[in-house]
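Data block below; observations after.
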Amino acid sequence: MNVLNSLPLWGGLAALGVSIPVLVHLLNKSRPKKIPWAAMELLHRTSQQRARNIKLEDLFIMLLRCVALLLAAFAMMRVVFTNDGTFFSGAPRELIIAIDGSFSMNHGQFQSRFDLAKKHAFEAVKSLPSGSKFSMVVMGGEPDVIFRHSDPDLDTLEQRLDSLKVHPVALSLDNALSAVEFLLDESDLANKEVQFLTDGQKQTWESLSLATLDRFAELQKMAAISVVPLSDGSFENLSVSALHVVSGVRRVGGFVSLSAMVTNHGQRPASTSLRLDHGDQNIEVQTVGPVESGESQLVRLSAQLDSSGSNRFKVSISPDNLAEDNIAYLAIEVPEKLKMLIIEGKDREARYLELGLQLQRSGYSRGLNHATFPSTSVRTQDIESADIIVLANVGDLSEDNLESLVESVRAGSGLMVYAGDQMDEFAAERILGQLMPLSFEATINPDSGQSHQLQVSAQPHRISRELSRLEAELSDCIVKGYHQLDPGPQANVLLGLSNGKPLLLTQPAGKGHVAFFATGPSRNWSNLPLNPAGPILLHLLIDELSATGIPRAFEVGESMDLDVPSSSLGAKLKLLHPGGQISVPRRTSRPTEEGGVRLSLGASVEPGFYGLDLGGNSDVEVLAVNVDSNESDIELASVDDLKSVLQGTGVRVAVKEEMVDDTQQQTLLGSYLALAALLLMIAQGALSTELTRRKQQRTSPIRTGYGVGVNTD
């Protein structure tokens with residue numbers, strides 16, 4: 001048995017309350033000094049038996065009064081009976097509450113799991129005995145300690161809990177355990193208790209590592225640990241799990257094809273409405289579904305890029321029980337002008353490439369400037385100023401031009417190479433050896449009489465996926481001449497020949513990309529330049545090779561570290577957050593490979609569009625930040641599964657009904673005690689009145705010889 005209010009105070013008042021009826025009883029027993037009188041002997045004998053009955057009645061009434069006052073005192077002391085020496089102990093203790101703040105906790109049909117956790121935390125702190133302390137940690141990517149060994153001030157606690165919000169990140173349990181362990185080390189109280197309030201997300205709690213389980217076991221030696229899974233019983237959730245560019249050209253006037261993935265994490269088939277916004281304008285709405293439980297549906301969307309700079313795309317679905325994963329963001333940077341340099345190995349070697357660049361009706365030529373130079377007259381400044389460099393059957397370059405070419409590609413330019421009759425193994429090694437190592441095995445001349453069809457590679461590349469839609473056109477392409485190659489391990493084969501030989505390879509090189517055609521640019525080597533798929537493939541490659549520079553896709557909680565050119569930096573850097581906050585990026589001392597500057601923007605804290613102002617003459621760079629799609633899987637581990645996982649650690653797993661807090665127990669017990677005390681007081685009062693009335697009725701007068709009636713009492 002324990003008491004939560006002051007034992008000396010209320011114990012003393014209880015003793016005083018019990019002593020009052022006893023004193024009254026003893027005082028009532030006092031009688032004046034007896035003087036023997038023979039005439040009264042008859043009266044004494046007559047009333048002796050009745051007096052014994054009255055004494056028993058008085059003792060019973062006194063006992064009722066003592067018990068009533070004792071129960072009232074116990075109600076004031078808040079007596080608690082428990083068989084556990086740690087949980088709900090009446091002695092002062094340190095209570096550490098760790099609330100799961102990952103965004104799955106925001107799921108709920110009528111009340112979110114996070115709200116349930118906050119209510120449970122408030123009741124747990126409210127129930128603490130006098131002299132206790134409490135700490136509170138919100139678990140997410142990084143733990144946030146919001147109370148540290150504080151006194152249970154309920155008003156402050158309620159205000160702070162009301163202001164808490166879910167972090168749109170996955171739960172990092174190891175980081176939370178470190179924070180809890182540090183708080184336990186700081187506490188100087190003997191009794192310590194830790195409650196983990198979580199939804200018990202299956203993908204997190206059923207895959208705990210041995211190291212994490214060992215840490216739980218170590219914490220159990222320091223305090224009583226309990227895990228309390230909380231949920232309102234709803235499990236339906238749809239999410240936008242991905243948003244990507246799958247094809248098109250990122251150029252003014254160009255079209256892009258987007259793919260959005262809608263995933264059903266619930267238990268029943270579901271449908272929704274999907275909306276695509278470009279900037280502030282809605283451009284497309286589609287109905288999606290029904291999507292079966294545990295499955296995903298791919299939605300194809302399209303948009304035209306009418307302006308240069310950062311183009312913002314947002315895909316959203318209809319509201320459901322979890323809002324954080326209903327939106328996905330995508331930022332596409334469109335250059336105002338894309339400079340393309342074509343270097344010819346022979347006169348008019350690039351005429352079909354030039355025709356392919358002039359797709360006036362498609363709008364692809366908008367924002368694209370190109371110039372053509374013979375390999376003998378091209379200048380280093382032409383190479384250095386180009387965004388895309390095309391070598392059309394070039395077998396030789398000057399040392400200065402070759403050096404400028406390699407440096408430009410590594411700094412972020414794109415390089416496209418068509419290998420015709422001017423290129424051999426020596427030329428390929430000299431030009432491409434530092435960017436894309438290749439081994440020439442043989443050369444099949446166009447007049448050899450051989451011919452092969454094109455085949456699209458099965459590699460998961462966006463160009464391959466787009467070319468698979470042009471299989472009918474590509475099947476009409478015939479390749480007469482080509483170079484047999486042995487590509488390096490980092491090369492991606494996007495197109496091949498019907499004999500299994502690679503034809504189109506791509507590979508990153510520094511910040512740039514290289515694309516290599518193992519055939520020439522003219523129709524003598526293949527009819528690809530005359531095929532409708534030829535110009536489309538050319539523009540897809542231009543887009544692929546120009547999509548370099550600052551990365552624009554991050555996840556919430558991820559550290560945003562970027563490499564930017566020194567020339568683009570100004571004096572005042574700032575990062576604009578989706579919520580309107582402004583932070584200052586930090587320049588790190590770590591140099592980049594190309595001599596640029598590495599900026600640390602800090603960890604992203606919310607989804608949406610971030611604007612990076614470099615403080616120079618360049619436009620604001622837009623970065624898209626999305627939530628971790630894995631966290632959308634809200635399936636929960638059962639209590640039995642949690643107990644099985646934590647078996648051997650000593651950690652207690654209890655549902656909310658089992659974790660009835662002290663306040664509820666104490667208030668309930670105190671109410672019962674107070675009610676019992678009131679009923680006993682009423683009962684003793686009624687009984688006392690009734691006994692007095694009966695005593696008066698039973699009393700019969702005794703007549704004396706003098707004619708005087710004397711009452712026997």
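Ordering of the structure tokens sets the chain letters (A, B, ...), residue numbers begin anew at 1 in every chain, and ligands are numbered from 1 in the order given.
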
Polymer residues at most 10 Å from Phe103 of chain A, only C-alpha atoms, same-chain spacing of 4 or more positions, as a ChimeraX atom specification:
/A:107,113-114,140,165-171,322-325,627-628,631-632,634

Test item, strand (DSSP E) assignment across segment 406-499 of chain A, answer as a PyMOL selection string:
chain A and resi 414-418+438-444+452-456+478-479+482-487+492-497

With only C-alpha atoms as the counted atoms, please give the residues lying no more than 8 Å from segment 391-407 of chain A, apart from itself and same-chain residues fewer than 5 positions off, as a ChimeraX atom specification.
/A:342-346,349-350,375-376,378-380,383-384,415-424,427-428,431,434-435,520-521

Selected residues written out, C-alpha atoms, as a PDB file, in the first residue's frame:
```
ATOM      1  CA  ILE A 342      28.756  20.065 -83.458  1.00  0.00           C
ATOM      2  CA  ILE A 343      32.269  19.178 -84.611  1.00  0.00           C
ATOM      3  CA  GLU A 344      32.506  17.431 -87.979  1.00  0.00           C
ATOM      4  CA  GLY A 345      35.224  15.015 -89.036  1.00  0.00           C
ATOM      5  CA  LYS A 346      34.187  15.360 -92.683  1.00  0.00           C
ATOM      6  CA  GLU A 349      28.958  14.854 -91.967  1.00  0.00           C
ATOM      7  CA  ALA A 350      26.486  16.333 -89.506  1.00  0.00           C
ATOM      8  CA  SER A 375      37.403  19.581 -86.424  1.00  0.00           C
ATOM      9  CA  THR A 376      40.330  21.481 -87.971  1.00  0.00           C
ATOM     10  CA  VAL A 378      37.119  24.597 -83.917  1.00  0.00           C
ATOM     11  CA  ARG A 379      38.482  26.739 -81.064  1.00  0.00           C
ATOM     12  CA  THR A 380      38.918  26.010 -77.377  1.00  0.00           C
ATOM     13  CA  ILE A 383      34.229  24.008 -76.640  1.00  0.00           C
ATOM     14  CA  GLU A 384      34.346  25.722 -73.246  1.00  0.00           C
ATOM     15  CA  LEU A 415      29.457  14.771 -74.919  1.00  0.00           C
ATOM     16  CA  MET A 416      27.886  12.791 -77.783  1.00  0.00           C
ATOM     17  CA  VAL A 417      30.170  10.772 -80.049  1.00  0.00           C
ATOM     18  CA  TYR A 418      29.300   9.172 -83.405  1.00  0.00           C
ATOM     19  CA  ALA A 419      32.042   6.742 -84.422  1.00  0.00           C
ATOM     20  CA  GLY A 420      32.289   6.546 -88.219  1.00  0.00           C
ATOM     21  CA  ASP A 421      35.119   5.656 -90.529  1.00  0.00           C
ATOM     22  CA  GLN A 422      37.377   8.362 -89.088  1.00  0.00           C
ATOM     23  CA  MET A 423      37.489   6.747 -85.649  1.00  0.00           C
ATOM     24  CA  ASP A 424      39.543   3.703 -84.840  1.00  0.00           C
ATOM     25  CA  ALA A 427      41.404   7.687 -81.905  1.00  0.00           C
ATOM     26  CA  ALA A 428      38.848   6.354 -79.433  1.00  0.00           C
ATOM     27  CA  ILE A 431      39.596  11.137 -77.259  1.00  0.00           C
ATOM     28  CA  GLN A 434      39.830   9.681 -69.909  1.00  0.00           C
ATOM     29  CA  LEU A 435      36.021   9.798 -70.070  1.00  0.00           C
ATOM     30  CA  GLY A 520      28.379   6.913 -87.900  1.00  0.00           C
ATOM     31  CA  PRO A 521      26.019   9.925 -88.127  1.00  0.00           C
TER      32      PRO A 521
END
```

Exercise: segment 499-516 of chain A partners within 7 Å, only C-alpha atoms, chain neighbours under 3 positions left out, as a list of chain:residue names
A:Val409, A:Arg410, A:Ala411, A:Gly412, A:Ser413, A:Gly414, A:Leu415, A:Met416, A:Val417, A:Tyr418, A:Leu435, A:Met436, A:Gln484, A:Leu485, A:Gln490, A:Ala491, A:Asn492, A:Val493, A:Leu494, A:Leu495, A:Gly496, A:Leu545, A:Thr548

note - atom CA of Ala15 of chain A and atom CA of Ala686 of chain A are separated by 24.4 Å

Which of segment 359-599 of chain A end up as alpha helix (DSSP H) when DSSP is run on this backbone - answer as a PyMOL selection string?
chain A and resi 380-384+399-411+425-432+462-467+471-474+533-546

Would you export the selected residues with N, CA and C atoms as a compact mmCIF listing (two decimals), in the first residue's frame, please?
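Generated output (selection_19.txt):
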```txt
# COMPACT_ATOMS: atom_id res chain seq x y z
N THR A 380 39.12 26.45 -78.77
CA THR A 380 38.92 26.01 -77.38
C THR A 380 37.78 26.79 -76.71
N GLN A 381 37.64 28.08 -77.04
CA GLN A 381 36.55 28.86 -76.44
C GLN A 381 35.18 28.38 -76.91
N ASP A 382 35.11 27.83 -78.12
CA ASP A 382 33.85 27.25 -78.58
C ASP A 382 33.49 26.03 -77.74
N ILE A 383 34.47 25.21 -77.44
CA ILE A 383 34.23 24.01 -76.64
C ILE A 383 33.86 24.38 -75.21
N GLU A 384 34.57 25.35 -74.65
CA GLU A 384 34.35 25.72 -73.25
C GLU A 384 32.99 26.38 -73.02
N GLU A 399 45.70 19.11 -79.19
CA GLU A 399 45.92 18.87 -77.77
C GLU A 399 45.15 19.86 -76.91
N ASP A 400 45.13 21.14 -77.32
CA ASP A 400 44.41 22.14 -76.54
C ASP A 400 42.91 21.87 -76.55
N ASN A 401 42.38 21.55 -77.74
CA ASN A 401 40.95 21.26 -77.83
C ASN A 401 40.59 20.00 -77.04
N LEU A 402 41.44 19.00 -77.10
CA LEU A 402 41.18 17.77 -76.37
C LEU A 402 41.19 18.02 -74.86
N GLU A 403 42.14 18.83 -74.40
CA GLU A 403 42.19 19.16 -72.98
C GLU A 403 40.96 19.94 -72.55
N SER A 404 40.53 20.91 -73.38
CA SER A 404 39.32 21.68 -73.06
C SER A 404 38.09 20.78 -73.06
N LEU A 405 38.04 19.80 -73.98
CA LEU A 405 36.91 18.89 -74.05
C LEU A 405 36.79 18.06 -72.77
N VAL A 406 37.89 17.49 -72.32
CA VAL A 406 37.86 16.66 -71.12
C VAL A 406 37.46 17.49 -69.90
N GLU A 407 38.03 18.67 -69.76
CA GLU A 407 37.72 19.52 -68.61
C GLU A 407 36.25 19.96 -68.63
N SER A 408 35.73 20.29 -69.80
CA SER A 408 34.33 20.74 -69.91
C SER A 408 33.36 19.63 -69.52
N VAL A 409 33.63 18.41 -69.99
CA VAL A 409 32.74 17.30 -69.66
C VAL A 409 32.78 17.00 -68.17
N ARG A 410 33.96 16.97 -67.60
CA ARG A 410 34.06 16.69 -66.17
C ARG A 410 33.42 17.79 -65.33
N ALA A 411 33.34 19.00 -65.88
CA ALA A 411 32.72 20.11 -65.14
C ALA A 411 31.21 20.13 -65.30
N GLU A 425 40.53 2.45 -83.04
CA GLU A 425 40.85 2.18 -81.64
C GLU A 425 41.78 3.23 -81.06
N PHE A 426 42.74 3.67 -81.86
CA PHE A 426 43.69 4.67 -81.37
C PHE A 426 42.97 6.00 -81.10
N ALA A 427 42.12 6.42 -82.07
CA ALA A 427 41.40 7.69 -81.91
C ALA A 427 40.44 7.62 -80.72
N ALA A 428 39.78 6.49 -80.55
CA ALA A 428 38.85 6.35 -79.43
C ALA A 428 39.58 6.43 -78.10
N GLU A 429 40.73 5.79 -78.01
CA GLU A 429 41.50 5.83 -76.77
C GLU A 429 41.99 7.24 -76.48
N ARG A 430 42.40 7.96 -77.53
CA ARG A 430 42.94 9.31 -77.33
C ARG A 430 41.83 10.28 -76.92
N ILE A 431 40.67 10.18 -77.53
CA ILE A 431 39.60 11.14 -77.26
C ILE A 431 38.78 10.74 -76.04
N LEU A 432 38.47 9.44 -75.93
CA LEU A 432 37.56 8.99 -74.88
C LEU A 432 38.23 8.27 -73.73
N ARG A 462 15.48 5.66 -68.27
CA ARG A 462 14.33 6.40 -68.80
C ARG A 462 14.35 6.46 -70.31
N ILE A 463 15.54 6.52 -70.94
CA ILE A 463 15.60 6.53 -72.41
C ILE A 463 15.17 5.17 -72.95
N SER A 464 15.60 4.10 -72.30
CA SER A 464 15.18 2.76 -72.74
C SER A 464 13.67 2.60 -72.63
N ARG A 465 13.09 3.13 -71.54
CA ARG A 465 11.64 3.02 -71.39
C ARG A 465 10.92 3.81 -72.49
N GLU A 466 11.47 4.97 -72.83
CA GLU A 466 10.84 5.76 -73.88
C GLU A 466 11.01 5.11 -75.25
N LEU A 467 12.19 4.54 -75.50
CA LEU A 467 12.42 3.89 -76.79
C LEU A 467 11.56 2.63 -76.96
N GLU A 471 9.13 0.89 -80.57
CA GLU A 471 9.66 -0.36 -81.12
C GLU A 471 9.27 -0.56 -82.58
N ALA A 472 8.07 -0.11 -82.96
CA ALA A 472 7.65 -0.28 -84.36
C ALA A 472 8.55 0.52 -85.29
N GLU A 473 8.87 1.75 -84.91
CA GLU A 473 9.75 2.57 -85.75
C GLU A 473 11.18 2.02 -85.73
N LEU A 474 11.65 1.61 -84.56
CA LEU A 474 13.03 1.13 -84.46
C LEU A 474 13.23 -0.20 -85.18
N ALA A 533 12.24 7.77 -85.47
CA ALA A 533 12.75 7.61 -84.12
C ALA A 533 14.11 8.28 -83.95
N GLY A 534 14.81 8.57 -85.07
CA GLY A 534 16.14 9.15 -84.98
C GLY A 534 16.17 10.51 -84.31
N PRO A 535 15.38 11.50 -84.80
CA PRO A 535 15.37 12.81 -84.13
C PRO A 535 14.88 12.75 -82.68
N ILE A 536 13.90 11.88 -82.42
CA ILE A 536 13.41 11.75 -81.04
C ILE A 536 14.53 11.26 -80.13
N LEU A 537 15.25 10.25 -80.60
CA LEU A 537 16.37 9.73 -79.81
C LEU A 537 17.43 10.80 -79.61
N LEU A 538 17.68 11.59 -80.64
CA LEU A 538 18.68 12.66 -80.53
C LEU A 538 18.31 13.65 -79.44
N HIS A 539 17.05 14.07 -79.38
CA HIS A 539 16.63 15.05 -78.37
C HIS A 539 16.57 14.43 -76.98
N LEU A 540 16.23 13.15 -76.90
CA LEU A 540 16.28 12.49 -75.59
C LEU A 540 17.70 12.46 -75.05
N LEU A 541 18.66 12.20 -75.92
CA LEU A 541 20.06 12.18 -75.49
C LEU A 541 20.54 13.57 -75.10
N ILE A 542 20.12 14.58 -75.86
CA ILE A 542 20.50 15.96 -75.51
C ILE A 542 19.98 16.30 -74.12
N ASP A 543 18.74 15.92 -73.85
CA ASP A 543 18.17 16.18 -72.53
C ASP A 543 18.91 15.42 -71.44
N GLU A 544 19.27 14.16 -71.72
CA GLU A 544 19.99 13.35 -70.74
C GLU A 544 21.36 13.94 -70.44
N LEU A 545 22.04 14.41 -71.48
CA LEU A 545 23.39 14.93 -71.29
C LEU A 545 23.41 16.31 -70.66
N SER A 546 22.31 17.04 -70.77
CA SER A 546 22.27 18.40 -70.20
C SER A 546 21.69 18.43 -68.80
```

Test item: residues at most 12 Å from Ala571 of chain A, only C-alpha atoms, excluding those fewer than 4 positions along its chain, as a PyMOL selection string:
chain A and resi 566-567+584-585+587+613-617

Residues near Gln684 of chain A, anyone? I mean within 7 Å using only C-alpha atoms, not counting same-chain ones fewer than 6 positions away, as a VMD selection string.
chain A and resid 61 64 to 65

Ser439 of chain A surroundings by only C-alpha atoms, 7 Å radius, close-in-sequence under 2 positions cut, as a count of residues only:
4

If you measure from atom CA of Pro129 of chain A to atom CA of Pro92 of chain A, what distance in Å do you get, rounded to one decimal?
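Interatomic distance, atom CA of Pro129 of chain A to atom CA of Pro92 of chain A: 5.5 Å.
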
Please compute the atom CA of Glu690 of chain A-atom CA of Phe60 of chain A distance, one decimal, in Å.
13.4 Å

When you count only C-alpha atoms, which of these residues is closest to Pro269 of chain A: A:Leu184, A:Leu238, A:Ala674, A:Leu338?
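Smallest distance to Pro269 of chain A is found for A:Leu238.
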
For Val194 of chain A, which residue out of A:Gln297, A:Pro152, A:Gly131, A:Val653 is the nearest one, using only C-alpha atoms?
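Going through A:Gln297, A:Pro152, A:Gly131, A:Val653 one by one, the smallest distance to Val194 of chain A is for A:Val653.
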
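The residue that comes closest to Asn264 of chain A, out of A:Glu236, A:Asp476, A:Asp188, A:Asp144 and on the basis of only C-alpha atoms, is A:Glu236.
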